[in-house]
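This report concerns only the one structure given below.
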Amino acid sequence: MLTRYVRIWKQVDSWAADAVHFRRAVLGIFLFALILRVVAAVVHPYYLPDSADYSALAKAIATGHRYEVHGQFARRMPGYPVFMAGFYALFGFHHLPILLVQAMFSALTTSFCALFGRYVSPATGLLAGALAAVDPLGIGFSASLLTEPLFTFVFVVSLYLFFKIMQRPNRWGLWVSFAAFWAVGVYIRAEVSLCLFPLLLWSVLVASRGSDRKNSALGGILAVLLVGVCLLPWWIRNDRLFHQDFFRFTTLQGISLYESVYSGATGGPRQSDLIIPPSIQRLNESQRDLAWTHRAFTDIFQHPLRVLGLAFVKIARTWSPWLHARGYASLWLNIVLTLWYTPLFILAIIGLFRYPMWSPLFGVLLVPIVYFTLMHAVFLGSVRYRVPVMPLVVVFTAMGMAPAIRRKQDSARVA
């Protein structure tokens with residue numbers, strides 16, 4: 001059986017080594033992924049509480065009203081509401097056009113999984129794309145009115161641009177494109193902002209030549225400056241509203257951190273259970289955010305062991321093979337998800353240890369996975385929060401399923 005598997009793998013690898021064959025196979029995977037996601041959007045669209053906020057903000061933009069929801073002006077980043085507002089302006093307040101375009105972006109993400117995997121071998125690339133195409137979370141969240149499908153696409157494209165940069169750090173046009181995509185990603189999901197720094201550090205550490213190391217450092221400085229410039233309009237707008245905490249992204253950060261670490265925290269959503277003290281109720285939006293942040297850090301410093309224990313609970317929730325959210329999980333669904341994700345994660349770990357650690361591709365894939373894991377070891381843990389890095393995980397899974405990893409320099413292959 002193993003011999004036959006190796007023979008089939010080699011045949012696929014040889015066939016897909018032809019660029020035309022590879023592109024046709026990737027197109028086929030994209031179309032298959034698109035069909036699955038369109039069906040999900042039409043048959044089973046769904047909405048979480050966050051969806052109502054995004055929709056209300058999008059309607060405000062589309063109708064020329066002030067950007068606010070629940071009387072708050074910086075509750076959500078504006079990227080996704082602006083995306084939705086364009087469809088509202090064109091098609092009215094209907095969700096299906098948005099979900100169909102999200103289906104396309106989610107399907108396109110599978111193509112970039114294939115491109116990442118191709119740097120290991122053509123067959124690995126096709127397998128990574130196929131795994132991403134049938135990933136239940138990728139399909140499910142493409143049918144939701146949430147940031148995940150759009151953000152995941154923008155995030156994966158920016159990582160692919162960064163990987164291309166690492167091969168030739170003196171390509172300044174790519175640095176500009178990467179910074180633009182990264183800024184768009186931050187406007188959609190602000191939590192990704194700090195991930196830029198460990199990625200830039202990785203590019204400097206693995207540079208093989210002194211000139212590449214220098215260009216990586218200079219390019220990194222350029223990228224940080226460009227991202228900062230792109231974010232200035234949002235920061236300036238908020239500063240004019242609140243006159244404090246200039247580099248603020250949203251006013252949900254403080255209460256989100258507090259519900260993640262306070263004495264009643266469980267690792268899951270708890271905002272509805274919080275009792276807001278009168279001293280905080282009297283504050284404005286910005287002051288409330290800072291007050292919640294202060295309370296959160298007080299709990300962290302006073303009970304570090306409890307918070308550390310919660311971190312492991314939240315990591316377990318984020319990487320759980322099954323769903324935890326009440327009202328969104330059934331026994332049979334969780335059985336299916338467990339049967340899919342348990343072997344997928346085991347094979348990803350195998351692939352992780354089979355690939356050369358000090359290679360550009362290794363870090364581009366692993367750094368975001370570690371970053372999001374640690375981010376949600378601090379904030380809430382949920383299966384939802386691993387969606388943006390699942391395209392990276394399936395590349396490691398494809399590596400783990402390969403009969404052998406070709407230990408070549410990443411720069412030796414051209415996608």
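Going through the structure tokens in order, the chains are called A, B, and so on, while each chain numbers its residues from 1 and the ligands are numbered from 1 in the order shown.
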
Tell me which protein, DNA and RNA residues are within 9 Å of A:Ser263, counting only C-alpha atoms, leaving out same-chain ones fewer than 6 positions away, and put them as a PDB file with N, CA and C atoms, in the first residue's frame.
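Contents of the output file result_37.pdb:
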ATOM      1  N   ASP A 299      -5.815  42.620  37.081  1.00  0.00           N
ATOM      2  CA  ASP A 299      -6.076  41.191  37.298  1.00  0.00           C
ATOM      3  C   ASP A 299      -4.903  40.336  36.861  1.00  0.00           C
ATOM      4  N   HIS A 303      -3.043  38.101  39.679  1.00  0.00           N
ATOM      5  CA  HIS A 303      -3.298  36.656  39.620  1.00  0.00           C
ATOM      6  C   HIS A 303      -2.625  36.033  38.397  1.00  0.00           C
ATOM      7  N   ARG A 306      -3.358  32.185  37.660  1.00  0.00           N
ATOM      8  CA  ARG A 306      -4.699  31.933  37.139  1.00  0.00           C
ATOM      9  C   ARG A 306      -4.795  32.325  35.671  1.00  0.00           C
ATOM     10  N   VAL A 307      -4.229  33.473  35.324  1.00  0.00           N
ATOM     11  CA  VAL A 307      -4.246  33.950  33.946  1.00  0.00           C
ATOM     12  C   VAL A 307      -3.432  33.013  33.047  1.00  0.00           C
TER      13      VAL A 307
END

- Who sits within 7 Å of A:Ala123, only C-alpha atoms, same chain under 2 positions skipped, as a ChimeraX atom specification: /A:9,12-13,16,121,125-127

Can you pull out the residues contacting stretch 107-115 of chain A? Cut-off 6 Å, using only C-alpha atoms, and skip same-chain residues under 4 positions away; I want them as a list in words.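 Once the nearby chain positions are removed, what remains is Phe30, Ala33, Leu34, Gly125, Leu126, Ala128, Gly129, Ala132, Ala133, Phe153, Pro391 and Ala415 of chain A.
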
For the residues in that selection, give me N, CA and C atoms as a CSV table (one decimal), in the first residue's frame.
chain,number,residue,atom,x,y,z
A,30,PHE,N,-9.7,25.7,-7.5
A,30,PHE,CA,-10.4,27.0,-7.3
A,30,PHE,C,-11.9,26.8,-7.6
A,33,ALA,N,-13.6,24.6,-5.1
A,33,ALA,CA,-13.8,25.4,-3.8
A,33,ALA,C,-14.9,26.4,-4.0
A,34,LEU,N,-14.9,27.1,-5.1
A,34,LEU,CA,-15.9,28.1,-5.3
A,34,LEU,C,-17.3,27.6,-5.3
A,125,GLY,N,1.9,21.1,-3.4
A,125,GLY,CA,1.1,22.3,-3.6
A,125,GLY,C,-0.3,22.0,-4.0
A,126,LEU,N,-0.5,21.0,-4.9
A,126,LEU,CA,-1.9,20.6,-5.3
A,126,LEU,C,-2.7,20.1,-4.1
A,128,ALA,N,-2.1,20.8,-0.9
A,128,ALA,CA,-2.4,21.9,0.0
A,128,ALA,C,-3.7,22.6,-0.4
A,129,GLY,N,-3.7,22.9,-1.8
A,129,GLY,CA,-4.9,23.6,-2.3
A,129,GLY,C,-6.1,22.8,-2.2
A,132,ALA,N,-7.3,22.9,1.5
A,132,ALA,CA,-7.9,24.1,1.8
A,132,ALA,C,-9.3,24.3,1.1
A,133,ALA,N,-9.5,23.7,0.0
A,133,ALA,CA,-10.8,23.8,-0.7
A,133,ALA,C,-11.9,23.1,0.0
A,153,PHE,N,-8.1,36.1,3.0
A,153,PHE,CA,-7.6,36.3,1.7
A,153,PHE,C,-6.5,37.3,1.7
A,391,PRO,N,-5.2,28.2,6.2
A,391,PRO,CA,-4.5,28.0,4.9
A,391,PRO,C,-3.0,27.6,5.1
A,415,ALA,N,7.2,30.0,-8.3
A,415,ALA,CA,5.8,29.7,-8.4
A,415,ALA,C,5.2,30.4,-9.7

Considering only C-alpha atoms, state which residue in the set A:Arg76, A:His95, A:His294, A:Arg317 is at the smallest distance from A:Arg386.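 Answer, going by the shortest atom-to-atom distance: A:Arg317.
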
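Taking atom CA of A:Pro304 as the reference point, atom CA of A:Arg270 is found at 19.6 Å.
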
Contact check, stretch 1-89 of chain A to stretch 276-291 of chain A, at most 12 Å, counting only C-alpha atoms, closest pairs as CSV:
residue,atom,partner,partner_atom,distance
A:Glu68,CA,A:Glu285,CA,11.5
A:Val69,CA,A:Glu285,CA,11.8
A:His70,CA,A:Glu285,CA,10.8
A:Gly71,CA,A:Glu285,CA,8.8
A:Gln72,CA,A:Glu285,CA,6.5
A:Phe73,CA,A:Glu285,CA,8.0
A:Ala74,CA,A:Glu285,CA,8.3
A:Arg75,CA,A:Glu285,CA,8.8

Output the selection as a JSON list (two decimals), in the first residue's frame - C-alpha atoms for each residue.
[["chain", "number", "residue", "atom", "x", "y", "z"],
["A", 68, "GLU", "CA", -21.18, 54.68, 14.66],
["A", 69, "VAL", "CA", -23.05, 51.76, 16.17],
["A", 70, "HIS", "CA", -24.67, 51.54, 19.62],
["A", 71, "GLY", "CA", -23.60, 55.14, 20.11],
["A", 72, "GLN", "CA", -19.92, 54.18, 19.74],
["A", 73, "PHE", "CA", -17.63, 55.65, 17.09],
["A", 74, "ALA", "CA", -14.63, 53.31, 17.16],
["A", 75, "ARG", "CA", -16.20, 50.00, 18.15]]

inquiry  = Give me the residues near A:Arg37 as a list in words, where near means some atom within 7 Å (using only C-alpha atoms) and where sequence neighbours in that chain fewer than 5 positions away do not count.
reply    =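 Non-adjacent residues within range: Ala103, Ile139, Ser142 and Ala143 of chain A.
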
Just the number, please: distance in Å from atom CA of A:Ala41 to atom CA of A:Tyr80, one decimal.
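Taking atom CA of A:Ala41 and atom CA of A:Tyr80, their separation equals 17.6 Å.
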
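Atom CA of A:Trp340 is found 26.6 Å from atom CA of A:Met357.
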
So that I can check the secondary structure, give me every residue of stretch 110-238 of chain A assigned alpha helix (DSSP H) by backbone DSSP, as a ChimeraX atom specification. /A:110-118,122-133,136-142,148-167,172-188,196-205,210-238

Would you list the contacts of A:Ala62 as an MDAnalysis selection string, taking every protein, DNA or RNA residue within 10 Å and counting only C-alpha atoms, but skipping same-chain residues closer than 2 positions in sequence? chainID A and resid 56:60 64:65 81:82 84:90 92:93

What's the 8 Å shell around A:Ile165, counting only C-alpha atoms, without same-chain residues fewer than 4 positions away, as a list in words?
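In the requested form, the answer reads Leu161, Pro169, Asn170, Arg171, Leu174 and Trp175 of chain A.
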
Counting only C-alpha atoms, which residue out of A:Ser382, A:Thr147, A:Thr266, A:Gln244 sits closest to A:Tyr54?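 Using only C-alpha atoms, the shortest distance to A:Tyr54 belongs to A:Thr147.
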
Near A:Ser144, within 8 Å and counting only C-alpha atoms, which residues show up once chain neighbours fewer than 2 positions away are dropped, as a PyMOL selection string?
chain A and resi 41+45-48+99+140-142+146

Generate a file of the selected residues that holds N, CA and C atoms, formatted as a PDB file, in the first residue's frame.
ATOM      1  N   ALA A  41     -23.204  29.588   0.770  1.00  0.00           N
ATOM      2  CA  ALA A  41     -23.755  30.943   0.877  1.00  0.00           C
ATOM      3  C   ALA A  41     -25.239  30.974   0.554  1.00  0.00           C
ATOM      4  N   PRO A  45     -26.579  30.533   4.779  1.00  0.00           N
ATOM      5  CA  PRO A  45     -25.915  31.724   5.309  1.00  0.00           C
ATOM      6  C   PRO A  45     -26.226  31.851   6.795  1.00  0.00           C
ATOM      7  N   TYR A  46     -25.302  32.418   7.559  1.00  0.00           N
ATOM      8  CA  TYR A  46     -25.588  32.586   8.986  1.00  0.00           C
ATOM      9  C   TYR A  46     -24.895  33.835   9.510  1.00  0.00           C
ATOM     10  N   TYR A  47     -25.354  34.269  10.664  1.00  0.00           N
ATOM     11  CA  TYR A  47     -24.915  35.544  11.216  1.00  0.00           C
ATOM     12  C   TYR A  47     -24.672  35.394  12.710  1.00  0.00           C
ATOM     13  N   LEU A  48     -23.578  35.983  13.166  1.00  0.00           N
ATOM     14  CA  LEU A  48     -23.262  36.042  14.586  1.00  0.00           C
ATOM     15  C   LEU A  48     -23.563  37.451  15.093  1.00  0.00           C
ATOM     16  N   LEU A  99     -21.942  37.674   0.231  1.00  0.00           N
ATOM     17  CA  LEU A  99     -21.542  36.300   0.503  1.00  0.00           C
ATOM     18  C   LEU A  99     -20.966  35.635  -0.735  1.00  0.00           C
ATOM     19  N   GLY A 140     -17.518  27.079   5.806  1.00  0.00           N
ATOM     20  CA  GLY A 140     -18.537  27.609   6.703  1.00  0.00           C
ATOM     21  C   GLY A 140     -18.458  29.109   6.876  1.00  0.00           C
ATOM     22  N   PHE A 141     -17.269  29.625   7.119  1.00  0.00           N
ATOM     23  CA  PHE A 141     -17.152  31.058   7.393  1.00  0.00           C
ATOM     24  C   PHE A 141     -17.289  31.900   6.130  1.00  0.00           C
ATOM     25  N   SER A 142     -17.119  31.301   4.953  1.00  0.00           N
ATOM     26  CA  SER A 142     -17.363  32.066   3.728  1.00  0.00           C
ATOM     27  C   SER A 142     -18.842  32.410   3.601  1.00  0.00           C
ATOM     28  N   LEU A 146     -19.099  37.954   8.325  1.00  0.00           N
ATOM     29  CA  LEU A 146     -18.011  38.216   9.263  1.00  0.00           C
ATOM     30  C   LEU A 146     -16.741  38.533   8.485  1.00  0.00           C
TER      31      LEU A 146
END

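Checking A:Leu380, A:Ala311, A:Ile236, A:Val393 one by one against A:Ile346, counting only C-alpha atoms, you find the shortest gap at A:Val393.
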
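Shortest atom-to-atom contact with A:Gly28 among A:Leu201, A:Ala130, A:Gly363, A:Ala296: A:Ala130, counting only C-alpha atoms.
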